[in-house]
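Visitor: First the structure, then my questions, so here it is.
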Amino acid sequence: MTYALPPLNALRAFEAAARHLSFKLAAHELHVTPAAVGQQVKALEARLGVQLFERLHKQLILTAAGLAYLPGVSEGFRHIADATSQLKPAGAVLLQLGVHGSFDLRRLALAEFRSAHAEIGLRVLQPASLHELVEGKVDLLIARGLGHHPGYRCDRVSEGTGLGDWLIAPDGTADCPEIVSFREWLRVLLAGTSRANRRPRLVGTGGS
């Protein structure tokens, strides 16, 4: 069966904008510009032949058509996320970790993690950025920044406050067993059960 579907990026832009009732917040979540979100929504409206939002001065309101469309689109994304999380390759569960280019991988004691978690096939992509996380090329990311990304769980991996290293995972998959295992591994390092020079600081901030 062939499904008549609008472009996925346009649907993602609509769903995020409808949840936030803001192109700016949707853009922050999707790591694009507000103008790009607006263009994607406009293109979707043109393709569907209906108006999904009322664009008022400094306010975004769903039309009746938008209100009717949102639950099905959101549910569709949930089904895709659930199906993806349940899809297990033969043998070890694959976990793709992205790391920014200046991060010292020795801090993570990855060989020890792999030895302790033989059921997880850990792969590392370095350098990687939020772009790779948003595009699904990695499952979680260690990024340099302030750790504030709507729609993502952010846990600090470095000492101090302000700019630092953060472990970032999408809210929808942040509690998957393999991601929890890696997060807890960092907590073990923090507790001092591994070598002192590999102790990151891990402080959760939540996804919004």
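Residues in the structure tokens are numbered from 1 in each chain, the chains being A, B, ... in the order shown, and ligands are numbered from 1 in the order shown.
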Which stretch 69-170 of chain A residues have any atom within 12 Å of an atom of stretch 56-65 of chain A, and for each, what is the nearest pair of atoms with distance in Å to one decimal, counting only C-alpha atoms, rows sorted by chain and number, as a Markdown table?
Guide:
| residue | atom | partner | partner_atom | distance |
| --- | --- | --- | --- | --- |
| A:Tyr69 | CA | A:Ala65 | CA | 6.1 |
| A:Leu70 | CA | A:Ala65 | CA | 8.7 |
| A:Pro71 | CA | A:Ala65 | CA | 11.1 |
| A:Gly72 | CA | A:Ala65 | CA | 11.8 |
Visitor: Put those residues in a file: C-alpha atoms, as a compact mmCIF listing (two decimals), in the first residue's frame.
Guide:
# COMPACT_ATOMS: atom_id res chain seq x y z
CA TYR A 69 -4.93 17.42 12.62
CA LEU A 70 -2.57 17.63 15.61
CA PRO A 71 -3.63 14.51 17.60
CA GLY A 72 -3.21 12.20 14.62
Visitor: Compile the contact shell of stretch 95-100 of chain A as an MDAnalysis selection string: residues with an atom at most 8 Å away, counting only C-alpha atoms, same-chain residues fewer than 5 positions apart removed.
Guide: chainID A and resid 120:129 132:133 137:144 178:179
Visitor: Please return as a ChimeraX atom specification: the residues of stretch 43-114 of chain A that backbone DSSP assigns to alpha helix (DSSP H).
Guide: /A:43-48,64-86,110-114
Visitor: With only C-alpha atoms as the counted atoms, please give the residues lying no more than 12 Å from A:Glu29, apart from itself and same-chain residues fewer than 6 positions off, as a list in words.
Guide: Arg12, Ala13, Glu15, Ala16, Ala17, Arg19, His20, Ser22, Phe23, Val37, Leu130, His131, Leu133, Val134, His148, His149, Pro150, Gly151, Tyr152, Arg153, Pro170, Asp171, Gly207 and Ser208 of chain A
Visitor: Could you take the residues named above and write them with N, CA and C atoms, as a PDB file, in the first residue's frame?
Guide:
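So the final result, stored in result_4.pdb, reads:
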ATOM      1  N   ARG A  12       6.977  17.554  11.131  1.00  0.00           N
ATOM      2  CA  ARG A  12       7.695  17.797  12.390  1.00  0.00           C
ATOM      3  C   ARG A  12       7.594  19.265  12.787  1.00  0.00           C
ATOM      4  N   ALA A  13       7.721  20.146  11.811  1.00  0.00           N
ATOM      5  CA  ALA A  13       7.620  21.579  12.098  1.00  0.00           C
ATOM      6  C   ALA A  13       6.227  21.929  12.600  1.00  0.00           C
ATOM      7  N   GLU A  15       4.004  19.882  14.053  1.00  0.00           N
ATOM      8  CA  GLU A  15       3.728  19.254  15.348  1.00  0.00           C
ATOM      9  C   GLU A  15       4.414  20.007  16.476  1.00  0.00           C
ATOM     10  N   ALA A  16       5.677  20.406  16.266  1.00  0.00           N
ATOM     11  CA  ALA A  16       6.405  21.143  17.291  1.00  0.00           C
ATOM     12  C   ALA A  16       5.797  22.533  17.500  1.00  0.00           C
ATOM     13  N   ALA A  17       5.464  23.222  16.416  1.00  0.00           N
ATOM     14  CA  ALA A  17       4.870  24.554  16.529  1.00  0.00           C
ATOM     15  C   ALA A  17       3.507  24.487  17.204  1.00  0.00           C
ATOM     16  N   ARG A  19       2.514  22.221  19.435  1.00  0.00           N
ATOM     17  CA  ARG A  19       2.694  21.949  20.867  1.00  0.00           C
ATOM     18  C   ARG A  19       3.097  23.196  21.629  1.00  0.00           C
ATOM     19  N   HIS A  20       4.009  23.956  21.037  1.00  0.00           N
ATOM     20  CA  HIS A  20       4.529  25.147  21.716  1.00  0.00           C
ATOM     21  C   HIS A  20       3.687  26.397  21.448  1.00  0.00           C
ATOM     22  N   SER A  22       4.302  28.297  19.095  1.00  0.00           N
ATOM     23  CA  SER A  22       5.374  29.255  18.872  1.00  0.00           C
ATOM     24  C   SER A  22       6.329  28.701  17.821  1.00  0.00           C
ATOM     25  N   PHE A  23       6.573  29.477  16.768  1.00  0.00           N
ATOM     26  CA  PHE A  23       7.581  29.082  15.792  1.00  0.00           C
ATOM     27  C   PHE A  23       8.977  29.163  16.407  1.00  0.00           C
ATOM     28  N   VAL A  37      10.928  27.073  10.229  1.00  0.00           N
ATOM     29  CA  VAL A  37       9.698  26.435  10.717  1.00  0.00           C
ATOM     30  C   VAL A  37       8.484  27.050  10.024  1.00  0.00           C
ATOM     31  N   LEU A 130      24.639  18.761  17.617  1.00  0.00           N
ATOM     32  CA  LEU A 130      23.188  18.630  17.737  1.00  0.00           C
ATOM     33  C   LEU A 130      22.552  18.239  16.419  1.00  0.00           C
ATOM     34  N   HIS A 131      23.182  18.611  15.319  1.00  0.00           N
ATOM     35  CA  HIS A 131      22.637  18.243  14.016  1.00  0.00           C
ATOM     36  C   HIS A 131      22.526  16.723  13.875  1.00  0.00           C
ATOM     37  N   LEU A 133      22.267  14.566  16.272  1.00  0.00           N
ATOM     38  CA  LEU A 133      21.251  14.063  17.197  1.00  0.00           C
ATOM     39  C   LEU A 133      19.852  14.295  16.630  1.00  0.00           C
ATOM     40  N   VAL A 134      19.607  15.484  16.119  1.00  0.00           N
ATOM     41  CA  VAL A 134      18.297  15.810  15.554  1.00  0.00           C
ATOM     42  C   VAL A 134      17.992  14.922  14.357  1.00  0.00           C
ATOM     43  N   HIS A 148      20.508  23.766  27.558  1.00  0.00           N
ATOM     44  CA  HIS A 148      19.088  24.089  27.553  1.00  0.00           C
ATOM     45  C   HIS A 148      18.534  23.825  26.152  1.00  0.00           C
ATOM     46  N   HIS A 149      17.816  22.697  25.993  1.00  0.00           N
ATOM     47  CA  HIS A 149      17.281  22.318  24.693  1.00  0.00           C
ATOM     48  C   HIS A 149      15.884  21.724  24.890  1.00  0.00           C
ATOM     49  N   PRO A 150      14.821  22.484  24.587  1.00  0.00           N
ATOM     50  CA  PRO A 150      13.456  21.964  24.738  1.00  0.00           C
ATOM     51  C   PRO A 150      13.268  20.664  23.966  1.00  0.00           C
ATOM     52  N   GLY A 151      12.641  19.681  24.622  1.00  0.00           N
ATOM     53  CA  GLY A 151      12.422  18.391  23.990  1.00  0.00           C
ATOM     54  C   GLY A 151      13.543  17.394  24.244  1.00  0.00           C
ATOM     55  N   TYR A 152      14.569  17.806  25.007  1.00  0.00           N
ATOM     56  CA  TYR A 152      15.710  16.937  25.272  1.00  0.00           C
ATOM     57  C   TYR A 152      16.035  16.938  26.759  1.00  0.00           C
ATOM     58  N   ARG A 153      16.477  15.787  27.259  1.00  0.00           N
ATOM     59  CA  ARG A 153      16.998  15.718  28.614  1.00  0.00           C
ATOM     60  C   ARG A 153      18.486  16.039  28.566  1.00  0.00           C
ATOM     61  N   PRO A 170      17.021  12.756  23.457  1.00  0.00           N
ATOM     62  CA  PRO A 170      15.635  13.163  23.251  1.00  0.00           C
ATOM     63  C   PRO A 170      14.747  12.685  24.401  1.00  0.00           C
ATOM     64  N   ASP A 171      13.782  13.514  24.798  1.00  0.00           N
ATOM     65  CA  ASP A 171      12.880  13.126  25.886  1.00  0.00           C
ATOM     66  C   ASP A 171      12.230  11.777  25.628  1.00  0.00           C
ATOM     67  N   GLY A 207      14.260  18.381  30.292  1.00  0.00           N
ATOM     68  CA  GLY A 207      14.244  18.638  28.862  1.00  0.00           C
ATOM     69  C   GLY A 207      13.745  19.979  28.469  1.00  0.00           C
ATOM     70  N   SER A 208      13.376  20.852  29.383  1.00  0.00           N
ATOM     71  CA  SER A 208      12.835  22.139  28.961  1.00  0.00           C
ATOM     72  C   SER A 208      13.453  23.252  29.770  1.00  0.00           C
TER      73      SER A 208
END
